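Novice: Below is the file query-v5.txt, which contains compact mmCIF, C-alpha atoms and all ligand atoms.
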```txt
# COMPACT_ATOMS: atom_id res chain seq x y z
CA MET A 1 -8.21 38.46 58.39
CA HIS A 2 -10.95 41.04 58.48
CA VAL A 3 -14.61 40.73 57.60
CA GLN A 4 -16.89 43.16 55.87
CA THR A 5 -20.56 42.73 55.02
CA TYR A 6 -22.79 44.19 52.33
CA THR A 7 -26.53 43.64 52.37
CA ILE A 8 -28.19 43.81 48.99
CA SER A 9 -31.88 43.00 48.57
CA ASP A 10 -32.38 40.31 51.18
CA THR A 11 -28.90 38.78 51.09
CA THR A 12 -25.97 39.67 53.29
CA THR A 13 -22.64 38.82 51.73
CA HIS A 14 -19.68 38.33 54.05
CA PHE A 15 -16.32 39.34 52.60
CA TYR A 16 -13.43 37.54 54.32
CA PHE A 17 -10.39 39.59 53.33
CA ASP A 18 -6.83 38.44 53.85
CA ALA A 19 -8.15 35.03 54.80
CA GLN A 20 -6.81 31.57 54.11
CA LEU A 21 -8.49 28.91 52.03
CA GLU A 22 -8.50 26.75 55.18
CA LEU A 23 -11.28 29.01 56.50
CA LEU A 24 -13.59 27.00 54.22
CA GLN A 25 -13.44 24.23 56.80
CA GLN A 26 -15.53 26.50 59.04
CA LEU A 27 -17.69 28.07 56.35
CA ALA A 28 -18.43 25.00 54.25
CA PRO A 29 -19.84 21.90 56.01
CA VAL A 30 -18.57 18.78 54.24
CA HIS A 31 -22.01 17.11 53.96
CA SER A 32 -23.68 19.99 52.11
CA THR A 33 -20.89 21.77 50.18
CA PHE A 34 -20.06 21.10 46.54
CA ILE A 35 -17.03 22.76 45.03
CA ILE A 36 -16.86 23.86 41.42
CA THR A 37 -13.40 24.67 40.14
CA ASP A 38 -11.26 24.28 37.04
CA GLU A 39 -8.39 21.98 36.16
CA HIS A 40 -5.70 24.65 36.70
CA ILE A 41 -6.87 25.42 40.23
CA LEU A 42 -7.23 21.74 40.98
CA SER A 43 -3.66 21.03 39.89
CA HIS A 44 -2.22 23.90 41.98
CA HIS A 45 -4.46 23.87 45.05
CA GLY A 46 -6.44 20.60 44.93
CA ASN A 47 -4.61 19.25 47.97
CA LYS A 48 -6.48 21.79 50.11
CA LEU A 49 -9.87 20.69 48.77
CA GLU A 50 -9.75 16.95 49.36
CA GLN A 51 -12.47 16.80 52.00
CA TRP A 52 -15.26 18.13 49.75
CA PRO A 53 -16.85 16.72 46.59
CA VAL A 54 -15.21 18.65 43.75
CA ILE A 55 -16.62 19.17 40.26
CA SER A 56 -13.84 20.25 37.95
CA ILE A 57 -14.35 21.81 34.52
CA PRO A 58 -11.91 22.72 31.74
CA PRO A 59 -10.44 26.21 32.28
CA GLY A 60 -11.44 29.33 30.39
CA GLU A 61 -14.25 30.96 28.49
CA ALA A 62 -14.92 27.83 26.39
CA SER A 63 -16.50 26.31 29.52
CA LYS A 64 -19.00 29.13 29.97
CA ASN A 65 -21.84 27.39 28.17
CA LEU A 66 -25.03 25.46 28.84
CA SER A 67 -23.45 22.04 28.15
CA VAL A 68 -21.04 22.58 31.02
CA VAL A 69 -23.92 23.79 33.20
CA GLU A 70 -25.82 20.60 32.37
CA TYR A 71 -22.73 18.50 33.14
CA ILE A 72 -22.42 20.19 36.55
CA VAL A 73 -26.12 19.72 37.31
CA ASP A 74 -25.82 16.01 36.44
CA ARG A 75 -22.83 15.68 38.76
CA LEU A 76 -24.68 17.47 41.56
CA MET A 77 -27.59 15.08 41.20
CA THR A 78 -25.28 12.07 41.19
CA LEU A 79 -23.67 13.46 44.34
CA ASP A 80 -27.15 13.78 45.84
CA ALA A 81 -26.93 17.52 46.42
CA GLY A 82 -30.18 18.68 48.01
CA ARG A 83 -31.84 22.06 48.39
CA ASP A 84 -29.71 22.66 51.48
CA ALA A 85 -26.56 22.50 49.33
CA THR A 86 -24.03 25.31 49.06
CA ILE A 87 -22.11 25.58 45.82
CA VAL A 88 -18.66 27.06 46.24
CA GLY A 89 -16.95 28.36 43.12
CA ILE A 90 -13.16 28.48 43.41
CA GLY A 91 -11.42 30.02 40.44
CA GLY A 92 -11.22 32.92 38.03
CA GLY A 93 -14.18 34.80 36.60
CA CYS A 94 -15.28 31.94 34.35
CA VAL A 95 -15.60 29.60 37.32
CA THR A 96 -17.31 32.19 39.54
CA ASP A 97 -19.75 33.05 36.70
CA ILE A 98 -20.67 29.38 36.12
CA ALA A 99 -20.80 28.47 39.81
CA GLY A 100 -23.01 31.48 40.57
CA PHE A 101 -25.32 30.58 37.70
CA VAL A 102 -25.61 26.92 38.68
CA ALA A 103 -26.33 27.97 42.27
CA ALA A 104 -29.07 30.31 40.99
CA ILE A 105 -30.86 27.59 39.01
CA TYR A 106 -30.10 24.23 40.68
CA LYS A 107 -33.30 23.03 42.35
CA ARG A 108 -34.57 26.62 41.84
CA GLY A 109 -31.66 28.07 43.74
CA VAL A 110 -29.22 27.05 46.45
CA LYS A 111 -26.65 29.03 48.42
CA CYS A 112 -23.40 30.12 46.85
CA GLY A 113 -19.94 30.93 48.20
CA LEU A 114 -17.06 32.19 46.08
CA VAL A 115 -13.29 32.04 46.33
CA PRO A 116 -11.90 34.21 43.52
CA THR A 117 -8.40 33.14 42.49
CA SER A 118 -7.59 35.61 39.70
CA ILE A 119 -7.13 39.37 40.07
CA LEU A 120 -10.02 39.84 37.66
CA ALA A 121 -12.37 37.73 39.77
CA MET A 122 -11.17 39.34 43.03
CA VAL A 123 -11.85 42.89 41.89
CA ASP A 124 -14.81 42.32 39.61
CA ALA A 125 -16.29 39.00 38.48
CA ALA A 126 -17.00 37.52 41.93
CA LEU A 127 -18.70 40.72 43.13
CA GLY A 128 -22.22 41.96 42.70
CA GLY A 129 -24.09 38.72 42.05
CA LYS A 130 -24.09 38.69 38.25
CA SER A 131 -23.51 35.24 36.83
CA GLY A 132 -24.02 33.61 33.50
CA VAL A 133 -22.88 31.73 30.47
CA ASP A 134 -22.38 32.49 26.78
CA THR A 135 -24.33 31.24 23.80
CA GLY A 136 -21.86 30.68 20.99
CA ASN A 137 -19.94 33.90 20.49
CA TYR A 138 -22.50 36.00 22.38
CA LYS A 139 -21.24 36.82 25.87
CA ASN A 140 -23.31 36.29 29.02
CA MET A 141 -26.62 35.93 27.17
CA ILE A 142 -28.08 33.66 29.84
CA GLY A 143 -27.63 34.49 33.47
CA ALA A 144 -28.91 35.66 36.80
CA ILE A 145 -28.36 38.33 39.42
CA ARG A 146 -28.16 36.77 42.85
CA GLN A 147 -25.77 37.69 45.66
CA PRO A 148 -23.42 35.05 47.14
CA SER A 149 -23.41 34.30 50.86
CA TYR A 150 -19.69 34.85 51.18
CA ILE A 151 -16.54 35.68 49.25
CA LEU A 152 -13.21 34.49 50.60
CA TYR A 153 -9.99 36.28 49.67
CA ASP A 154 -6.81 34.28 50.01
CA TYR A 155 -4.11 36.34 48.28
CA SER A 156 -1.61 33.48 48.50
CA LEU A 157 -3.63 31.68 45.78
CA LEU A 158 -2.31 34.31 43.38
CA GLU A 159 1.19 32.83 43.63
CA SER A 160 0.22 30.35 40.91
CA LEU A 161 -1.56 32.94 38.71
CA PRO A 162 0.28 33.30 35.38
CA GLU A 163 1.57 36.77 34.49
CA ALA A 164 -0.85 37.05 31.54
CA GLU A 165 -3.74 36.71 34.00
CA TRP A 166 -2.33 39.42 36.28
CA ILE A 167 -2.32 41.69 33.25
CA ASN A 168 -5.92 40.77 32.42
CA GLY A 169 -7.09 41.67 35.89
CA PHE A 170 -5.61 45.15 35.74
CA ALA A 171 -7.96 46.00 32.86
CA GLU A 172 -10.91 45.96 35.29
CA ILE A 173 -8.93 47.88 37.92
CA ILE A 174 -8.15 50.60 35.35
CA LYS A 175 -11.83 50.53 34.34
CA HIS A 176 -12.87 51.25 37.93
CA ALA A 177 -10.40 54.12 38.09
CA CYS A 178 -11.65 55.59 34.79
CA ILE A 179 -15.32 55.62 35.75
CA LEU A 180 -15.22 56.13 39.51
CA ASP A 181 -11.96 57.28 41.02
CA GLU A 182 -9.57 59.87 39.61
CA ASN A 183 -7.23 59.48 42.62
CA MET A 184 -6.87 55.77 41.92
CA PHE A 185 -6.14 56.61 38.29
CA SER A 186 -3.24 58.90 39.35
CA TYR A 187 -2.08 56.29 41.89
CA LEU A 188 -1.95 53.63 39.15
CA GLN A 189 -0.02 56.07 36.94
CA ARG A 190 2.63 56.33 39.67
CA HIS A 191 2.96 52.55 40.03
CA PHE A 192 3.70 49.47 37.94
CA MET A 193 1.88 46.14 37.97
CA GLU A 194 5.10 44.56 39.24
CA ASP A 195 4.85 46.70 42.45
CA PHE A 196 1.59 44.94 43.32
CA ARG A 197 2.91 41.49 42.40
CA ARG A 198 5.87 42.03 44.70
CA ASP A 199 4.11 43.59 47.67
CA PRO A 200 1.12 41.72 49.16
CA VAL A 201 0.20 44.66 51.40
CA LEU A 202 -0.01 47.03 48.43
CA LEU A 203 -1.98 44.40 46.50
CA ALA A 204 -4.46 43.74 49.32
CA ALA A 205 -5.11 47.48 49.66
CA LEU A 206 -5.71 47.82 45.92
CA VAL A 207 -8.04 44.80 45.75
CA GLU A 208 -10.05 45.97 48.75
CA GLN A 209 -10.31 49.50 47.37
CA ASN A 210 -11.70 48.04 44.15
CA VAL A 211 -14.17 45.90 46.08
CA THR A 212 -15.40 49.03 47.88
CA LEU A 213 -15.77 50.90 44.58
CA LYS A 214 -17.75 48.12 42.92
CA MET A 215 -19.88 47.18 45.93
CA THR A 216 -20.82 50.82 46.55
CA VAL A 217 -22.21 50.90 43.02
CA VAL A 218 -23.98 47.53 43.38
CA GLU A 219 -25.51 48.61 46.71
CA LYS A 220 -27.10 51.58 44.95
CA ASP A 221 -28.22 49.73 41.84
CA GLU A 222 -28.18 45.93 42.04
CA LEU A 223 -30.35 45.42 38.96
CA GLU A 224 -28.42 47.80 36.71
CA THR A 225 -31.08 50.36 36.00
CA GLY A 226 -28.75 53.30 36.62
CA ILE A 227 -25.19 53.77 37.88
CA ARG A 228 -24.25 50.07 37.64
CA LYS A 229 -24.29 50.51 33.85
CA TRP A 230 -21.08 52.52 34.24
CA LEU A 231 -19.29 49.25 35.05
CA ASN A 232 -19.84 48.29 31.42
CA PHE A 233 -17.27 50.90 30.33
CA GLY A 234 -15.23 49.25 27.57
CA HIS A 235 -17.47 46.18 27.55
CA THR A 236 -19.80 47.02 24.65
CA LEU A 237 -17.08 46.71 22.04
CA GLY A 238 -15.09 44.39 24.35
CA HIS A 239 -17.84 41.76 24.51
CA ALA A 240 -18.51 42.13 20.77
CA ILE A 241 -14.97 41.05 19.87
CA GLU A 242 -13.94 38.86 22.83
CA ASN A 243 -15.28 35.48 21.78
CA VAL A 244 -15.14 35.94 18.00
CA TYR A 245 -11.40 36.66 18.16
CA GLU A 246 -10.76 34.52 21.27
CA LEU A 247 -9.31 37.47 23.15
CA PRO A 248 -8.66 37.31 26.89
CA HIS A 249 -11.45 39.24 28.67
CA GLY A 250 -9.07 41.92 29.97
CA HIS A 251 -7.60 42.52 26.52
CA ALA A 252 -11.06 42.86 24.99
CA VAL A 253 -12.09 45.33 27.70
CA SER A 254 -8.86 47.28 27.28
CA ILE A 255 -9.44 47.67 23.52
CA GLY A 256 -13.07 48.57 24.27
CA MET A 257 -12.04 51.25 26.78
CA VAL A 258 -9.71 52.91 24.27
CA PHE A 259 -12.55 52.89 21.74
CA ALA A 260 -15.03 54.34 24.26
CA ALA A 261 -12.49 56.97 25.36
CA GLY A 262 -12.10 57.98 21.70
CA LEU A 263 -15.89 58.21 21.32
CA SER A 264 -16.00 60.28 24.52
CA ALA A 265 -13.41 62.65 23.04
CA SER A 266 -15.33 63.15 19.83
CA MET A 267 -18.78 63.42 21.44
CA LEU A 268 -18.14 65.04 24.81
CA GLY A 269 -14.80 66.75 24.38
CA PHE A 270 -13.18 64.30 26.85
CA ASP A 271 -9.51 65.26 26.81
CA ARG A 272 -7.70 62.38 28.54
CA ALA A 273 -8.08 59.53 26.06
CA LYS A 274 -4.30 59.51 25.55
CA ASP A 275 -3.72 59.15 29.33
CA ILE A 276 -5.98 56.07 29.40
CA GLU A 277 -4.14 54.54 26.47
CA GLN A 278 -0.78 55.20 28.15
CA LEU A 279 -1.93 53.73 31.46
CA LEU A 280 -3.19 50.57 29.74
CA HIS A 281 0.10 50.33 27.88
CA LYS A 282 2.03 50.72 31.15
CA TYR A 283 0.08 47.74 32.56
CA HIS A 284 0.93 45.69 29.41
CA LEU A 285 -2.60 45.85 28.00
CA PRO A 286 -3.40 46.33 24.31
CA ALA A 287 -5.01 49.55 23.05
CA HIS A 288 -5.88 48.51 19.51
CA PHE A 289 -6.79 45.42 17.61
CA GLU A 290 -7.56 44.87 13.92
CA PHE A 291 -11.16 43.66 13.95
CA ASP A 292 -13.83 43.57 11.30
CA PRO A 293 -16.20 46.51 12.06
CA GLU A 294 -19.17 44.63 10.59
CA ILE A 295 -18.62 41.63 12.86
CA ALA A 296 -18.24 43.92 15.87
CA LEU A 297 -21.38 45.83 14.95
CA HIS A 298 -23.36 42.64 14.47
CA HIS A 299 -22.39 41.40 17.93
CA MET A 300 -23.02 44.81 19.54
CA GLN A 301 -26.56 44.68 18.21
CA GLN A 302 -27.14 41.49 20.19
CA ASP A 303 -25.86 43.25 23.31
CA LYS A 304 -28.08 43.37 26.38
CA LYS A 305 -27.59 47.15 26.38
CA ARG A 306 -29.40 47.66 23.07
CA THR A 307 -32.82 49.26 23.03
CA GLY A 308 -34.51 49.62 19.66
CA ASN A 309 -32.00 51.02 17.24
CA ALA A 310 -29.67 52.44 19.87
CA ILE A 311 -26.90 50.90 21.94
CA SER A 312 -26.16 52.31 25.38
CA PHE A 313 -22.52 53.30 25.45
CA VAL A 314 -20.67 54.24 28.62
CA LEU A 315 -18.67 57.39 27.91
CA LEU A 316 -16.43 59.54 30.07
CA GLU A 317 -16.98 63.22 30.80
CA ARG A 318 -13.74 63.19 32.76
CA ILE A 319 -11.67 60.60 34.63
CA GLY A 320 -13.88 59.43 37.50
CA ALA A 321 -17.17 60.53 35.92
CA ALA A 322 -19.03 58.41 33.38
CA ILE A 323 -22.35 58.82 31.63
CA VAL A 324 -24.51 56.43 29.66
CA LYS A 325 -25.48 57.63 26.21
CA PRO A 326 -27.77 55.75 23.83
CA LEU A 327 -26.06 55.98 20.44
CA PRO A 328 -27.80 55.13 17.17
CA VAL A 329 -26.27 52.07 15.53
CA SER A 330 -25.58 54.18 12.41
CA GLU A 331 -23.46 56.62 14.44
CA ILE A 332 -21.42 53.78 16.00
CA ALA A 333 -20.99 52.24 12.52
CA GLN A 334 -19.66 55.56 11.22
CA TYR A 335 -17.16 55.79 14.08
CA LEU A 336 -16.09 52.14 13.69
CA HIS A 337 -15.34 52.72 10.01
CA SER A 338 -13.48 56.03 10.55
N1 LIG B 401 -20.01 38.42 36.72
C1 LIG B 401 -19.40 39.56 36.58
O1 LIG B 401 -19.81 40.59 37.11
C2 LIG B 401 -18.15 39.61 35.74
C3 LIG B 401 -17.35 40.77 35.74
C4 LIG B 401 -16.18 40.75 35.00
C5 LIG B 401 -15.82 39.62 34.27
N2 LIG B 401 -16.61 38.53 34.29
C6 LIG B 401 -16.25 37.33 33.53
O2 LIG B 401 -15.02 36.81 34.04
C7 LIG B 401 -14.38 36.04 33.03
C8 LIG B 401 -12.91 36.38 33.00
O3 LIG B 401 -12.36 36.12 34.27
P1 LIG B 401 -10.90 35.45 34.42
O4 LIG B 401 -9.97 36.11 33.47
O5 LIG B 401 -10.57 35.40 35.85
O6 LIG B 401 -11.25 34.01 33.81
P2 LIG B 401 -10.80 32.51 34.05
O7 LIG B 401 -11.63 31.90 35.08
O8 LIG B 401 -10.81 31.88 32.69
O9 LIG B 401 -9.30 32.58 34.59
C9 LIG B 401 -8.26 32.89 33.67
C10 LIG B 401 -7.22 31.76 33.65
O10 LIG B 401 -6.46 31.83 34.85
C11 LIG B 401 -6.46 30.56 35.50
N3 LIG B 401 -6.37 30.83 36.93
C12 LIG B 401 -7.23 31.54 37.69
N4 LIG B 401 -6.75 31.66 38.93
C13 LIG B 401 -5.58 30.99 38.97
C14 LIG B 401 -4.61 30.77 39.96
N5 LIG B 401 -4.71 31.30 41.20
N6 LIG B 401 -3.54 30.00 39.66
C15 LIG B 401 -3.38 29.48 38.40
N7 LIG B 401 -4.24 29.70 37.41
C16 LIG B 401 -5.34 30.44 37.69
C17 LIG B 401 -7.73 29.87 35.05
O11 LIG B 401 -7.63 28.48 35.18
C18 LIG B 401 -7.80 30.34 33.60
O12 LIG B 401 -6.97 29.54 32.81
C19 LIG B 401 -15.08 36.35 31.72
O13 LIG B 401 -15.91 35.29 31.33
C20 LIG B 401 -15.96 37.56 32.06
O14 LIG B 401 -17.12 37.63 31.28
C21 LIG B 401 -17.77 38.49 35.01
```
As structure tokens, how would this structure be written, given the file I've shared?
Ligand SMILES: NC(=O)c1ccc[n+]([C@@H]2O[C@H](COP(=O)([O-])OP(=O)(O)OC[C@H]3O[C@@H](n4cnc5c(N)ncnc54)[C@H](O)[C@@H]3O)[C@@H](O)[C@H]2O)c1
Specialist:
Amino acid sequence: MHVQTYTISDTTTHFYFDAQLELLQQLAPVHSTFIITDEHILSHHGNKLEQWPVISIPPGEASKNLSVVEYIVDRLMTLDAGRDATIVGIGGGCVTDIAGFVAAIYKRGVKCGLVPTSILAMVDAALGGKSGVDTGNYKNMIGAIRQPSYILYDYSLLESLPEAEWINGFAEIIKHACILDENMFSYLQRHFMEDFRRDPVLLAALVEQNVTLKMTVVEKDELETGIRKWLNFGHTLGHAIENVYELPHGHAVSIGMVFAAGLSASMLGFDRAKDIEQLLHKYHLPAHFEFDPEIALHHMQQDKKRTGNAISFVLLERIGAAIVKPLPVSEIAQYLHS
């Protein structure tokens, strides 16, 4: 195990890499820790969580809503969780998003620890303090930005992760490479997802490299007024179609990245859109999806990145260098219909 810390605003987050879930026994006192997880994690790893009160929710995006938040708050009150409580979210990005949000609002805020169990949560969702829930088909409309106290990485938890979820997670890894790291992009081109599934050392190095990439951005811009916006590459269209068409998050982001790479080609002369599409294909991710442009446009207009009549789109100048460009809705509509 090795430990790394990042201090953002007034919170220091400890990252316990290559750790074991059993470390929770030291980090999470039984009398004040409340675990939030989902039914899949509970069925695979529940035997390691027996000493704490566990609140389990149904898996997946359908649980990211205010009714589930209310259910969790009720359970916390029944369990007599006080202001000294720590909420520990153990699961994929849906669980870490909900747990982080409940920790931000329960009794005006209690401590939070996270144990990401999917690739997507390990490299992205658990990092940087953003949490939230959806309202209907609109993604992450209600949420908070608040850093967790610790994040524990136990790579052995990935043994139960279904292949489809490995694939999902690589969408965010490819996103990081596209916007921040050309070397990682080439490295991913030379490998296959199966290499990382087979080799825990290779996987740990890739996860930790992605944590460094994301946390370096968050350190500079926690509240997303500048460079953190780059992390939304692929997400503007991705979020607009994810819930309406019930797409896995990684698939939606993958389709969104191909769209944004195409926009980058037509607006900035970006010449590697084909390479991005091929890399996504190599990692079993979809490049295209038949969606209704009007539905997508409607949802994009509800996006948090809209100001007035323009939507901020993250585009690529080259691999490893993104920019944010406000695009008039009419221009996006034209491109969506082309
Ligand atoms: N807060 C952020 O900064 C941020 C960033 C990226 C994505 N997200 C959010 O993350 C969510 C997607 O994350 P996700 O794909 O991890 O979602 P998820 O939590 O739904 O996990 C995907 C599926 O894998 C299962 N699973 C997870 N780990 C497992 C394991 N070790 N063994 C067996 N099954 C396991 C879950 O039960 C679920 O069925 C989206 O809601 C997205 O908006 C948030």
Novice: Within 6 Å of ligand LIG 401 (chain B), which residues of chain A come that close, and what is the closest atom pair and distance in Å for each? Count all atoms listed in the file and give it as JSON lines.
Specialist:
```
{"residue": "A:Asp38", "atom": "CA", "partner": "B:LIG401", "partner_atom": "O11", "distance": 5.9}
{"residue": "A:His40", "atom": "CA", "partner": "B:LIG401", "partner_atom": "O11", "distance": 4.6}
{"residue": "A:Ile41", "atom": "CA", "partner": "B:LIG401", "partner_atom": "C15", "distance": 5.7}
{"residue": "A:Pro59", "atom": "CA", "partner": "B:LIG401", "partner_atom": "O11", "distance": 4.6}
{"residue": "A:Gly60", "atom": "CA", "partner": "B:LIG401", "partner_atom": "O8", "distance": 3.5}
{"residue": "A:Glu61", "atom": "CA", "partner": "B:LIG401", "partner_atom": "O13", "distance": 5.4}
{"residue": "A:Gly91", "atom": "CA", "partner": "B:LIG401", "partner_atom": "N4", "distance": 5.2}
{"residue": "A:Gly92", "atom": "CA", "partner": "B:LIG401", "partner_atom": "O7", "distance": 3.1}
{"residue": "A:Gly93", "atom": "CA", "partner": "B:LIG401", "partner_atom": "O3", "distance": 3.2}
{"residue": "A:Cys94", "atom": "CA", "partner": "B:LIG401", "partner_atom": "O7", "distance": 3.7}
{"residue": "A:Val95", "atom": "CA", "partner": "B:LIG401", "partner_atom": "O7", "distance": 5.1}
{"residue": "A:Asp97", "atom": "CA", "partner": "B:LIG401", "partner_atom": "N1", "distance": 5.4}
{"residue": "A:Thr117", "atom": "CA", "partner": "B:LIG401", "partner_atom": "N4", "distance": 4.2}
{"residue": "A:Ser118", "atom": "CA", "partner": "B:LIG401", "partner_atom": "N4", "distance": 4.1}
{"residue": "A:Leu120", "atom": "CA", "partner": "B:LIG401", "partner_atom": "O5", "distance": 4.8}
{"residue": "A:Ala121", "atom": "CA", "partner": "B:LIG401", "partner_atom": "O5", "distance": 4.9}
{"residue": "A:Asp124", "atom": "CA", "partner": "B:LIG401", "partner_atom": "C3", "distance": 4.9}
{"residue": "A:Ala125", "atom": "CA", "partner": "B:LIG401", "partner_atom": "C2", "distance": 3.4}
{"residue": "A:Lys130", "atom": "CA", "partner": "B:LIG401", "partner_atom": "N1", "distance": 4.4}
{"residue": "A:Ser131", "atom": "CA", "partner": "B:LIG401", "partner_atom": "N1", "distance": 4.7}
{"residue": "A:Leu157", "atom": "CA", "partner": "B:LIG401", "partner_atom": "N5", "distance": 4.7}
{"residue": "A:Leu158", "atom": "CA", "partner": "B:LIG401", "partner_atom": "N5", "distance": 4.4}
{"residue": "A:Ser160", "atom": "CA", "partner": "B:LIG401", "partner_atom": "N6", "distance": 4.0}
{"residue": "A:Leu161", "atom": "CA", "partner": "B:LIG401", "partner_atom": "N6", "distance": 3.7}
{"residue": "A:Glu165", "atom": "CA", "partner": "B:LIG401", "partner_atom": "O10", "distance": 5.7}
{"residue": "A:His249", "atom": "CA", "partner": "B:LIG401", "partner_atom": "C8", "distance": 5.4}
```
Novice: Which residues, written as an NGL selection string, have at least one atom at most 12 Å from His281 in chain A, with all atoms listed in the file counted and residues fewer than 2 positions away on the same chain left out?
Specialist: :A and (167 or 170-171 or 174 or 188-189 or 192-193 or 251 or 254-255 or 258 or 274-279 or 283-288)
Novice: Find the residues near Phe17 in chain A: any atom within 9 Å, counting only C-alpha atoms, skip ones fewer than 6 places away on the same chain, and give them as a PDB file with C-alpha atoms, in the coordinates of the input.
Specialist:
```pdb
ATOM      1  CA  MET A   1      -8.210  38.460  58.390  1.00  0.00           C
ATOM      2  CA  HIS A   2     -10.950  41.040  58.480  1.00  0.00           C
ATOM      3  CA  VAL A   3     -14.610  40.730  57.600  1.00  0.00           C
ATOM      4  CA  GLN A   4     -16.890  43.160  55.870  1.00  0.00           C
ATOM      5  CA  ILE A 151     -16.540  35.680  49.250  1.00  0.00           C
ATOM      6  CA  LEU A 152     -13.210  34.490  50.600  1.00  0.00           C
ATOM      7  CA  TYR A 153      -9.990  36.280  49.670  1.00  0.00           C
ATOM      8  CA  ASP A 154      -6.810  34.280  50.010  1.00  0.00           C
ATOM      9  CA  TYR A 155      -4.110  36.340  48.280  1.00  0.00           C
ATOM     10  CA  ALA A 204      -4.460  43.740  49.320  1.00  0.00           C
ATOM     11  CA  GLU A 208     -10.050  45.970  48.750  1.00  0.00           C
TER      12      GLU A 208
END
```
Novice: Mind listing whatever residues come within 6 Å of the point (-28.8, 27.1, 49.1)? Use all atoms listed in the file, file coordinates, and give them as number ranges by chain.
Specialist: A: 83-86, 110-111
Novice: Work out how far apart CA of Glu70 in chain A and CA of Tyr245 in chain A are and give it in Å to one decimal.
Specialist: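 Answer for the CA of Glu70 in chain A to CA of Tyr245 in chain A separation: 25.8 Å.
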Novice: Have a look at CA of Ala104 in chain A and CA of Val217 in chain A and let me know their distance in Å, one decimal.
Specialist: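 According to the coordinates, CA of Ala104 in chain A and CA of Val217 in chain A are separated by 21.8 Å.
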Novice: Which one is closest to Ser149 in chain A: A:Phe196, A:Phe101, A:Phe259, A:Phe15? Count all atoms listed in the file.
Specialist: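 Once distances to Ser149 in chain A are computed over all atoms listed in the file, the minimum belongs to A:Phe15.
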Novice: For Val123 in chain A, please output as number ranges by chain all residues within 10 Å (counting all atoms listed in the file; exclusion window: fewer than 3 positions along the same chain).
Specialist: A: 93, 116, 118-120, 126-127, 169-170, 172-173, 176, 206-215
Novice: Please determine, counting only C-alpha atoms, which residue among A:Val54, A:Arg272, A:Thr33, A:Gln26 has the shortest atom-to-atom distance to Glu182 in chain A.
Specialist: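 Looking only at the distances to Glu182 in chain A, the closest residue turns out to be A:Arg272.
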Novice: In Å to one decimal, how far is CA of Val218 in chain A from CA of Thr5 in chain A?
Specialist: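 Spanning CA of Thr5 in chain A to CA of Val218 in chain A is a straight-line distance of 13.0 Å.
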Novice: Using all atoms listed in the file for the distances, tell me which of A:Ile241, A:Ala144, A:Leu297, A:Leu231 is nearest to Leu315 in chain A.
Specialist: A:Leu231
Novice: For Glu50 in chain A, list every protein, DNA or RNA residue within 12 Å, evaluated using all atoms listed in the file, and leave out those in the same chain fewer than 5 positions away; present the list as JSON, numbers by chain.
Specialist: {"A": [22, 24, 25, 30, 34, 35, 42, 43, 45, 55]}
Novice: Given the choices A:Ser264, A:Thr11, A:Asn243, A:Ser56, which gets closest to Ala321 in chain A if the distance is worked out from all atoms listed in the file?
Specialist: A:Ser264
Novice: Tell me which of A:His299, A:Lys175, A:His14, A:Lys325 sits closest to Cys112 in chain A, counting all atoms listed in the file.
Specialist: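 Ranked by minimum distance to Cys112 in chain A, first place goes to A:His14.
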Novice: Of the residues A:Ser186, A:Asn65, A:Thr307, A:Ser330, which is the one nearest to Gly143 in chain A, using all atoms listed in the file?
Specialist: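 Of A:Ser186, A:Asn65, A:Thr307, A:Ser330, the one nearest Gly143 in chain A, counting all atoms listed in the file, is A:Asn65.
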Novice: Tell me, as number ranges by chain, which residues lie within 7 Å of Gly89 in chain A, counting only C-alpha atoms; anything in the same chain fewer than 3 positions away does not count.
Specialist: A: 35-37, 95-96, 99, 113-115
Novice: Kindly export the residues of the current selection with C-alpha atoms, as a PDB file, in the coordinates of the input.
Specialist:
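Listing of again-v6.pdb after writing:
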```
ATOM      1  CA  ILE A  35     -17.030  22.760  45.030  1.00  0.00           C
ATOM      2  CA  ILE A  36     -16.860  23.860  41.420  1.00  0.00           C
ATOM      3  CA  THR A  37     -13.400  24.670  40.140  1.00  0.00           C
ATOM      4  CA  VAL A  95     -15.600  29.600  37.320  1.00  0.00           C
ATOM      5  CA  THR A  96     -17.310  32.190  39.540  1.00  0.00           C
ATOM      6  CA  ALA A  99     -20.800  28.470  39.810  1.00  0.00           C
ATOM      7  CA  GLY A 113     -19.940  30.930  48.200  1.00  0.00           C
ATOM      8  CA  LEU A 114     -17.060  32.190  46.080  1.00  0.00           C
ATOM      9  CA  VAL A 115     -13.290  32.040  46.330  1.00  0.00           C
TER      10      VAL A 115
END
```
Novice: Residues within 10 Å of (-29.5, 27.1, 35.9), file coordinates, counting all atoms listed in the file: what are they? Give the list as a tab-separated table (two decimals) with C-alpha atoms, in the frame of the given file.
Specialist:
```
chain	number	residue	atom	x	y	z
A	66	LEU	CA	-25.03	25.46	28.84
A	69	VAL	CA	-23.92	23.79	33.20
A	70	GLU	CA	-25.82	20.60	32.37
A	72	ILE	CA	-22.42	20.19	36.55
A	73	VAL	CA	-26.12	19.72	37.31
A	98	ILE	CA	-20.67	29.38	36.12
A	99	ALA	CA	-20.80	28.47	39.81
A	100	GLY	CA	-23.01	31.48	40.57
A	101	PHE	CA	-25.32	30.58	37.70
A	102	VAL	CA	-25.61	26.92	38.68
A	103	ALA	CA	-26.33	27.97	42.27
A	104	ALA	CA	-29.07	30.31	40.99
A	105	ILE	CA	-30.86	27.59	39.01
A	106	TYR	CA	-30.10	24.23	40.68
A	107	LYS	CA	-33.30	23.03	42.35
A	108	ARG	CA	-34.57	26.62	41.84
A	109	GLY	CA	-31.66	28.07	43.74
A	132	GLY	CA	-24.02	33.61	33.50
A	133	VAL	CA	-22.88	31.73	30.47
A	142	ILE	CA	-28.08	33.66	29.84
A	143	GLY	CA	-27.63	34.49	33.47
A	144	ALA	CA	-28.91	35.66	36.80
```
